[in-house]
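Structure file start_23.tsv; described as TSV, C-alpha atoms.
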chain	number	residue	atom	x	y	z
A	1	MET	CA	0.00	0.00	0.00
A	2	PRO	CA	1.44	3.41	-0.92
A	3	ARG	CA	2.29	5.90	1.78
A	4	SER	CA	0.13	8.93	2.46
A	5	THR	CA	0.69	12.46	1.24
A	6	GLU	CA	1.06	13.63	4.85
A	7	GLU	CA	3.92	11.17	5.38
A	8	PHE	CA	5.63	12.47	2.25
A	9	GLU	CA	5.21	16.08	3.39
A	10	GLU	CA	6.80	15.23	6.75
A	11	PHE	CA	9.65	13.45	4.95
A	12	ALA	CA	10.17	16.35	2.54
A	13	VAL	CA	10.22	18.96	5.31
A	14	ALA	CA	12.64	16.91	7.39
A	15	ARG	CA	15.06	16.03	4.54
A	16	THR	CA	15.04	19.19	2.41
A	17	PRO	CA	17.92	20.89	4.31
A	18	GLN	CA	20.20	17.86	3.86
A	19	LEU	CA	19.21	17.44	0.22
A	20	PHE	CA	19.81	21.14	-0.42
A	21	ARG	CA	23.23	20.98	1.22
A	22	ALA	CA	24.26	18.01	-0.91
A	23	ALA	CA	22.81	19.63	-4.06
A	24	TRP	CA	24.63	22.90	-3.41
A	25	LEU	CA	27.90	21.11	-2.82
A	26	MET	CA	27.45	19.19	-6.07
A	27	CYS	CA	26.47	22.10	-8.31
A	28	GLY	CA	27.86	25.12	-6.45
A	29	ASP	CA	24.90	27.36	-7.22
A	30	THR	CA	22.02	28.18	-4.88
A	31	HIS	CA	19.36	28.41	-7.57
A	32	ARG	CA	20.43	25.22	-9.34
A	33	ALA	CA	20.57	23.45	-5.97
A	34	GLU	CA	17.00	24.52	-5.23
A	35	ASP	CA	15.92	23.25	-8.65
A	36	LEU	CA	17.72	19.94	-8.07
A	37	VAL	CA	16.02	19.46	-4.71
A	38	GLN	CA	12.63	20.31	-6.18
A	39	GLU	CA	13.11	17.90	-9.08
A	40	THR	CA	14.37	15.21	-6.71
A	41	LEU	CA	11.39	15.58	-4.38
A	42	ALA	CA	9.02	15.47	-7.35
A	43	LYS	CA	10.56	12.18	-8.49
A	44	VAL	CA	10.45	10.76	-4.97
A	45	TYR	CA	6.81	11.87	-4.66
A	46	VAL	CA	5.84	9.96	-7.80
A	47	ARG	CA	7.59	6.83	-6.55
A	48	TRP	CA	6.17	7.34	-3.03
A	49	HIS	CA	2.59	7.13	-4.33
A	50	ARG	CA	3.10	4.30	-6.82
A	51	ARG	CA	0.48	1.64	-6.32
A	52	LEU	CA	2.36	-1.10	-8.15
A	53	GLY	CA	5.43	-2.61	-6.58
A	54	PRO	CA	6.73	-2.39	-3.04
A	55	PRO	CA	6.96	0.93	-1.20
A	56	ILE	CA	10.32	2.65	-0.88
A	57	GLU	CA	12.17	0.77	1.87
A	58	HIS	CA	14.78	3.44	2.59
A	59	PRO	CA	13.37	6.81	1.52
A	60	VAL	CA	16.44	8.82	2.62
A	61	ALA	CA	18.81	6.66	0.57
A	62	TYR	CA	16.36	6.71	-2.34
A	63	ALA	CA	16.19	10.51	-2.22
A	64	HIS	CA	19.99	10.87	-2.17
A	65	THR	CA	20.31	8.40	-5.05
A	66	THR	CA	17.71	10.33	-7.01
A	67	LEU	CA	19.48	13.61	-6.24
A	68	ALA	CA	22.86	12.32	-7.42
A	69	ARG	CA	21.43	10.86	-10.62
A	70	THR	CA	19.39	13.99	-11.33
A	71	TYR	CA	22.53	16.12	-10.88
A	72	LEU	CA	24.57	13.91	-13.22
A	73	SER	CA	21.77	13.96	-15.79
A	74	ALA	CA	21.58	17.74	-15.63
A	75	GLN	CA	25.35	18.02	-16.09
A	76	ARG	CA	25.06	16.32	-19.46
A	77	ARG	CA	22.92	19.18	-20.78
A	78	ARG	CA	24.72	22.12	-22.36
A	79	SER	CA	22.60	24.73	-20.61
A	80	THR	CA	23.92	23.71	-17.18
A	81	HIS	CA	27.34	25.14	-17.96
A	82	GLU	CA	26.09	28.69	-18.47
A	83	ARG	CA	26.90	31.02	-15.59
A	84	PRO	CA	25.94	34.68	-15.46
A	85	THR	CA	28.74	36.86	-14.14
A	86	GLU	CA	27.20	40.33	-14.04
A	87	HIS	CA	25.10	39.72	-10.92
A	88	LEU	CA	26.13	39.24	-7.32
A	89	LEU	CA	24.57	36.60	-5.13
A	90	GLU	CA	21.23	37.72	-3.73
A	91	THR	CA	21.89	36.63	-0.17
A	92	ALA	CA	25.01	36.17	1.89
A	93	VAL	CA	25.52	33.07	3.98
A	94	SER	CA	26.56	34.01	7.48
A	95	ASP	CA	27.31	30.63	9.03
A	96	GLY	CA	30.79	29.10	9.08
A	97	ASP	CA	34.03	30.44	7.73
A	98	ALA	CA	33.65	32.22	4.38
A	99	ALA	CA	37.25	31.59	3.28
A	100	THR	CA	36.89	27.84	3.83
A	101	ARG	CA	33.56	27.73	1.97
A	102	LEU	CA	34.92	29.70	-0.96
A	103	ALA	CA	38.08	27.62	-1.19
A	104	LEU	CA	36.10	24.39	-1.05
A	105	ARG	CA	33.64	25.63	-3.64
A	106	ALA	CA	36.42	26.69	-6.02
A	107	ALA	CA	38.18	23.35	-5.55
A	108	LEU	CA	34.98	21.39	-6.14
A	109	ASP	CA	34.37	23.42	-9.32
A	110	GLU	CA	37.62	21.99	-10.68
A	111	LEU	CA	36.34	18.41	-10.43
A	112	ALA	CA	34.37	16.43	-12.99
A	113	PRO	CA	30.67	16.07	-12.09
A	114	MET	CA	30.98	12.37	-11.21
A	115	ASP	CA	34.04	13.01	-9.01
A	116	ARG	CA	32.25	15.86	-7.26
A	117	ALA	CA	29.19	13.67	-6.65
A	118	VAL	CA	31.39	10.89	-5.22
A	119	LEU	CA	33.14	13.24	-2.78
A	120	VAL	CA	29.92	14.94	-1.69
A	121	LEU	CA	28.19	11.63	-1.04
A	122	ARG	CA	31.19	9.93	0.59
A	123	PHE	CA	32.56	12.67	2.82
A	124	LEU	CA	29.98	15.39	3.21
A	125	GLU	CA	26.91	13.16	3.40
A	126	ASP	CA	28.76	10.21	5.01
A	127	VAL	CA	27.44	7.59	2.59
A	128	SER	CA	29.23	4.23	2.39
A	129	VAL	CA	31.22	3.15	-0.68
A	130	ALA	CA	28.61	0.51	-1.55
A	131	ASP	CA	25.69	2.92	-1.21
A	132	THR	CA	27.54	5.59	-3.22
A	133	ALA	CA	28.23	3.03	-5.95
A	134	ASP	CA	24.58	2.04	-5.97
A	135	ALA	CA	23.41	5.66	-6.04
A	136	LEU	CA	25.65	6.54	-8.98
A	137	GLY	CA	25.27	3.28	-10.87
A	138	VAL	CA	28.96	2.33	-10.78
A	139	SER	CA	30.98	-0.39	-9.05
A	140	PRO	CA	32.43	0.06	-5.55
A	141	GLY	CA	35.90	-0.15	-7.10
A	142	ALA	CA	35.05	2.77	-9.38
A	143	VAL	CA	33.91	4.78	-6.36
A	144	ARG	CA	37.18	4.08	-4.53
A	145	ASN	CA	39.20	4.92	-7.66
A	146	ARG	CA	37.30	8.17	-8.26
A	147	THR	CA	37.63	9.06	-4.57
A	148	ILE	CA	41.42	8.70	-4.67
A	149	ARG	CA	41.73	10.68	-7.90
A	150	ALA	CA	39.32	13.40	-6.79
A	151	LEU	CA	41.06	13.82	-3.43
A	152	ASP	CA	44.42	14.05	-5.23
A	153	ARG	CA	42.94	16.72	-7.49
A	154	LEU	CA	41.57	18.65	-4.48
A	155	ARG	CA	44.96	18.48	-2.78
A	156	ALA	CA	46.60	19.78	-5.96
A	157	VAL	CA	44.11	22.65	-6.24
A	158	LEU	CA	44.08	23.59	-2.55
A	159	GLY	CA	47.71	22.76	-1.81
A	160	PRO	CA	48.87	23.85	1.62
A	161	SER	CA	46.02	26.38	1.84
A	162	LEU	CA	43.62	23.66	3.03
A	163	HIS	CA	45.70	23.10	6.16
A	164	ASP	CA	45.87	26.87	6.73
A	165	LEU	CA	42.11	27.24	6.25
A	166	LEU	CA	41.30	24.50	8.73
A	167	GLU	CA	43.64	25.94	11.38
A	168	THR	CA	41.99	29.41	11.43

Could you rewrite the structure in this file as structure tokens?
Amino acid sequence: MPRSTEEFEEFAVARTPQLFRAAWLMCGDTHRAEDLVQETLAKVYVRWHRRLGPPIEHPVAYAHTTLARTYLSAQRRRSTHERPTEHLLETAVSDGDAATRLALRAALDELAPMDRAVLVLRFLEDVSVADTADALGVSPGAVRNRTIRALDRLRAVLGPSLHDLLET
């Protein structure tokens, strides 16, 4: 039996902040992250109310898998690489250290979309290798390989500044 709309609304309200955080870390843009979360929740909603087949056993994992796959799908479109440069961000984020956030964002921008998704899921969302592999549709070995390469790339981009940023 499908779950109720009220249950989905509770789930969506509870998980939106975590989904937004992961989406922002993947795409690096507030508006695109909001769109990713909205599209992800729409897809989860459809699956949530499906009458055929079993209900979603692990809705949080399903939502993160859907988010990662939606992000990777969007990256394949040409329009996702357009970035306006004439406008400043509408709102400033006041939590945390701005220098660390900006350095991390710039370093993540240097990574390929799949590498970025692997690092966000593995280290920022604390998802296991197996679950990350399942979410992205690759083997666990590919996740480990991409993790090593992406971390090497981050170290090359950030260099000793990462250590300095974490100490302040």

Give, as AutoDock Vina command-line options, the centre coordinates and the x, y and z edge lengths in Å to one decimal for an axis-aligned box around all listed atoms of segment 24-32 of chain A, padded by 6 Å on each side.
--center_x 23.6 --center_y 23.8 --center_z -6.1 --size_x 20.5 --size_y 21.2 --size_z 18.5

Who sits within 8 Å of Glu39 of chain A, all atoms listed in the file, same chain under 4 positions skipped, as a PyMOL selection string: chain A and resi 35+43+70

Which residues, protein or nucleic acid, reach to within 8 Å of (26.4, 16.1, -2.4) in the file's coordinates when using all atoms listed in the file, and can you give that as an mmCIF file with C-alpha atoms, keeping the file's coordinate frame?
data_model
loop_
_atom_site.group_PDB
_atom_site.id
_atom_site.type_symbol
_atom_site.label_atom_id
_atom_site.label_comp_id
_atom_site.auth_asym_id
_atom_site.auth_seq_id
_atom_site.Cartn_x
_atom_site.Cartn_y
_atom_site.Cartn_z
ATOM 1 C CA LEU A 19 19.210 17.440 0.220
ATOM 2 C CA ARG A 21 23.230 20.980 1.220
ATOM 3 C CA ALA A 22 24.260 18.010 -0.910
ATOM 4 C CA ALA A 23 22.810 19.630 -4.060
ATOM 5 C CA TRP A 24 24.630 22.900 -3.410
ATOM 6 C CA LEU A 25 27.900 21.110 -2.820
ATOM 7 C CA MET A 26 27.450 19.190 -6.070
ATOM 8 C CA ALA A 68 22.860 12.320 -7.420
ATOM 9 C CA ARG A 116 32.250 15.860 -7.260
ATOM 10 C CA ALA A 117 29.190 13.670 -6.650
ATOM 11 C CA VAL A 118 31.390 10.890 -5.220
ATOM 12 C CA LEU A 119 33.140 13.240 -2.780
ATOM 13 C CA VAL A 120 29.920 14.940 -1.690
ATOM 14 C CA LEU A 121 28.190 11.630 -1.040
ATOM 15 C CA LEU A 124 29.980 15.390 3.210
ATOM 16 C CA GLU A 125 26.910 13.160 3.400
#

Atomic distance atom CA of Ser128 of chain A - atom CA of Asp115 of chain A, expressed in Å with one decimal: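 Value for the atom CA of Ser128 of chain A-atom CA of Asp115 of chain A distance: 15.2 Å.
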
Best match for closeness to Pro59 of chain A among A:Arg15, A:Ala33, A:Phe20, A:Arg76, counting all atoms listed in the file: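 Distance minimum relative to Pro59 of chain A lands on A:Arg15.
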
Among the residues A:Thr132, A:Ser139, A:Thr147, A:Ser4, the one that comes closest to Leu111 of chain A [using only C-alpha atoms]: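 The answer is A:Thr147, which sits nearest to Leu111 of chain A.
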
Point (15.3, 13.1, -6.8) neighbourhood (9 Å, all atoms listed in the file) written as a PyMOL selection string: chain A and resi 36-45+62-71

Atomic distance atom CA of Asp109 of chain A - atom CA of Leu154 of chain A, expressed in Å with one decimal: 9.9 Å

Nearest residue to Ser73 of chain A from the set A:Ala130, A:Leu136, A:Ala14, A:Ala107 (distances using all atoms listed in the file):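 Smallest distance to Ser73 of chain A is found for A:Leu136.
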
Shortest interatomic distance to Pro113 of chain A - which of A:Gly53, A:Gly28, A:Gly159, A:Pro140, counting all atoms listed in the file: A:Gly28

9 Å contact set for Leu158 of chain A, all atoms listed in the file, chain neighbours under 5 positions out, as number ranges by chain: A: 103-104, 106-107, 153, 163

Using all atoms listed in the file: which of A:Val60, A:Asp29, A:Arg51, A:Val46 has the shortest distance to Thr16 of chain A: A:Val60

Of the listed residues A:Arg122, A:Ala74, A:Trp48, A:His31, that which approaches Glu6 of chain A most closely, counting only C-alpha atoms: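 Residue with the minimum atom-to-atom distance to Glu6 of chain A: A:Trp48.
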
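Note that the spacing between atom CA of Ala150 of chain A and atom CA of Phe123 of chain A amounts to 11.8 Å.
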
Can you take the partial segment 103-114 of chain A, add all heavy atoms, and return it as a PDB file, in the coordinates of the input?
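Contents of part04.pdb, as written:
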ATOM      1  N   ALA A 103      36.992  28.477  -0.722  1.00  0.00           N
ATOM      2  CA  ALA A 103      38.080  27.620  -1.190  1.00  0.00           C
ATOM      3  C   ALA A 103      37.559  26.243  -1.568  1.00  0.00           C
ATOM      4  O   ALA A 103      37.937  25.692  -2.611  1.00  0.00           O
ATOM      5  CB  ALA A 103      39.159  27.506  -0.121  1.00  0.00           C
ATOM      6  N   LEU A 104      36.677  25.693  -0.746  1.00  0.00           N
ATOM      7  CA  LEU A 104      36.100  24.390  -1.050  1.00  0.00           C
ATOM      8  C   LEU A 104      35.259  24.445  -2.311  1.00  0.00           C
ATOM      9  O   LEU A 104      35.341  23.571  -3.171  1.00  0.00           O
ATOM     10  CB  LEU A 104      35.255  23.887   0.130  1.00  0.00           C
ATOM     11  CG  LEU A 104      34.577  22.534  -0.067  1.00  0.00           C
ATOM     12  CD1 LEU A 104      35.601  21.442  -0.321  1.00  0.00           C
ATOM     13  CD2 LEU A 104      33.715  22.198   1.130  1.00  0.00           C
ATOM     14  N   ARG A 105      34.478  25.490  -2.445  1.00  0.00           N
ATOM     15  CA  ARG A 105      33.640  25.630  -3.640  1.00  0.00           C
ATOM     16  C   ARG A 105      34.494  25.734  -4.900  1.00  0.00           C
ATOM     17  O   ARG A 105      34.225  25.086  -5.908  1.00  0.00           O
ATOM     18  CB  ARG A 105      32.739  26.845  -3.515  1.00  0.00           C
ATOM     19  CG  ARG A 105      31.859  27.030  -4.720  1.00  0.00           C
ATOM     20  CD  ARG A 105      30.928  28.187  -4.551  1.00  0.00           C
ATOM     21  NE  ARG A 105      30.184  28.397  -5.770  1.00  0.00           N
ATOM     22  CZ  ARG A 105      29.286  29.308  -5.925  1.00  0.00           C
ATOM     23  NH1 ARG A 105      28.980  30.108  -4.936  1.00  0.00           N
ATOM     24  NH2 ARG A 105      28.655  29.452  -7.063  1.00  0.00           N
ATOM     25  N   ALA A 106      35.545  26.548  -4.860  1.00  0.00           N
ATOM     26  CA  ALA A 106      36.420  26.690  -6.020  1.00  0.00           C
ATOM     27  C   ALA A 106      37.110  25.370  -6.347  1.00  0.00           C
ATOM     28  O   ALA A 106      37.239  25.002  -7.523  1.00  0.00           O
ATOM     29  CB  ALA A 106      37.462  27.780  -5.757  1.00  0.00           C
ATOM     30  N   ALA A 107      37.523  24.644  -5.316  1.00  0.00           N
ATOM     31  CA  ALA A 107      38.180  23.350  -5.550  1.00  0.00           C
ATOM     32  C   ALA A 107      37.201  22.338  -6.126  1.00  0.00           C
ATOM     33  O   ALA A 107      37.544  21.585  -7.041  1.00  0.00           O
ATOM     34  CB  ALA A 107      38.781  22.836  -4.245  1.00  0.00           C
ATOM     35  N   LEU A 108      35.980  22.311  -5.611  1.00  0.00           N
ATOM     36  CA  LEU A 108      34.980  21.390  -6.140  1.00  0.00           C
ATOM     37  C   LEU A 108      34.611  21.728  -7.585  1.00  0.00           C
ATOM     38  O   LEU A 108      34.307  20.837  -8.380  1.00  0.00           O
ATOM     39  CB  LEU A 108      33.722  21.387  -5.260  1.00  0.00           C
ATOM     40  CG  LEU A 108      33.850  20.683  -3.911  1.00  0.00           C
ATOM     41  CD1 LEU A 108      32.600  20.911  -3.074  1.00  0.00           C
ATOM     42  CD2 LEU A 108      34.112  19.202  -4.082  1.00  0.00           C
ATOM     43  N   ASP A 109      34.656  23.010  -7.938  1.00  0.00           N
ATOM     44  CA  ASP A 109      34.370  23.420  -9.320  1.00  0.00           C
ATOM     45  C   ASP A 109      35.377  22.844 -10.304  1.00  0.00           C
ATOM     46  O   ASP A 109      35.083  22.699 -11.478  1.00  0.00           O
ATOM     47  CB  ASP A 109      34.361  24.946  -9.443  1.00  0.00           C
ATOM     48  CG  ASP A 109      33.064  25.561  -8.938  1.00  0.00           C
ATOM     49  OD1 ASP A 109      32.073  24.815  -8.771  1.00  0.00           O
ATOM     50  OD2 ASP A 109      33.051  26.783  -8.696  1.00  0.00           O
ATOM     51  N   GLU A 110      36.572  22.531  -9.822  1.00  0.00           N
ATOM     52  CA  GLU A 110      37.620  21.990 -10.680  1.00  0.00           C
ATOM     53  C   GLU A 110      37.411  20.505 -11.002  1.00  0.00           C
ATOM     54  O   GLU A 110      38.058  19.975 -11.895  1.00  0.00           O
ATOM     55  CB  GLU A 110      38.998  22.159 -10.019  1.00  0.00           C
ATOM     56  CG  GLU A 110      39.399  23.603  -9.817  1.00  0.00           C
ATOM     57  CD  GLU A 110      39.695  24.310 -11.121  1.00  0.00           C
ATOM     58  OE1 GLU A 110      40.296  23.680 -12.009  1.00  0.00           O
ATOM     59  OE2 GLU A 110      39.313  25.481 -11.249  1.00  0.00           O
ATOM     60  N   LEU A 111      36.544  19.849 -10.263  1.00  0.00           N
ATOM     61  CA  LEU A 111      36.340  18.410 -10.430  1.00  0.00           C
ATOM     62  C   LEU A 111      35.294  18.110 -11.497  1.00  0.00           C
ATOM     63  O   LEU A 111      34.388  18.906 -11.742  1.00  0.00           O
ATOM     64  CB  LEU A 111      35.886  17.780  -9.111  1.00  0.00           C
ATOM     65  CG  LEU A 111      36.849  17.884  -7.937  1.00  0.00           C
ATOM     66  CD1 LEU A 111      36.202  17.288  -6.695  1.00  0.00           C
ATOM     67  CD2 LEU A 111      38.158  17.197  -8.250  1.00  0.00           C
ATOM     68  N   ALA A 112      35.394  16.922 -12.075  1.00  0.00           N
ATOM     69  CA  ALA A 112      34.370  16.430 -12.990  1.00  0.00           C
ATOM     70  C   ALA A 112      33.087  16.174 -12.188  1.00  0.00           C
ATOM     71  O   ALA A 112      33.160  15.897 -10.980  1.00  0.00           O
ATOM     72  CB  ALA A 112      34.840  15.131 -13.651  1.00  0.00           C
ATOM     73  N   PRO A 113      31.924  16.257 -12.823  1.00  0.00           N
ATOM     74  CA  PRO A 113      30.670  16.070 -12.090  1.00  0.00           C
ATOM     75  C   PRO A 113      30.587  14.763 -11.305  1.00  0.00           C
ATOM     76  O   PRO A 113      30.131  14.750 -10.162  1.00  0.00           O
ATOM     77  CB  PRO A 113      29.604  16.109 -13.198  1.00  0.00           C
ATOM     78  CG  PRO A 113      30.225  16.919 -14.279  1.00  0.00           C
ATOM     79  CD  PRO A 113      31.691  16.627 -14.222  1.00  0.00           C
ATOM     80  N   MET A 114      31.045  13.665 -11.900  1.00  0.00           N
ATOM     81  CA  MET A 114      30.980  12.370 -11.210  1.00  0.00           C
ATOM     82  C   MET A 114      31.911  12.370  -9.992  1.00  0.00           C
ATOM     83  O   MET A 114      31.544  11.883  -8.921  1.00  0.00           O
ATOM     84  CB  MET A 114      31.340  11.238 -12.150  1.00  0.00           C
ATOM     85  CG  MET A 114      31.290   9.870 -11.490  1.00  0.00           C
ATOM     86  SD  MET A 114      29.638   9.338 -11.003  1.00  0.00           S
ATOM     87  CE  MET A 114      29.145   8.477 -12.461  1.00  0.00           C
TER      88      MET A 114
END
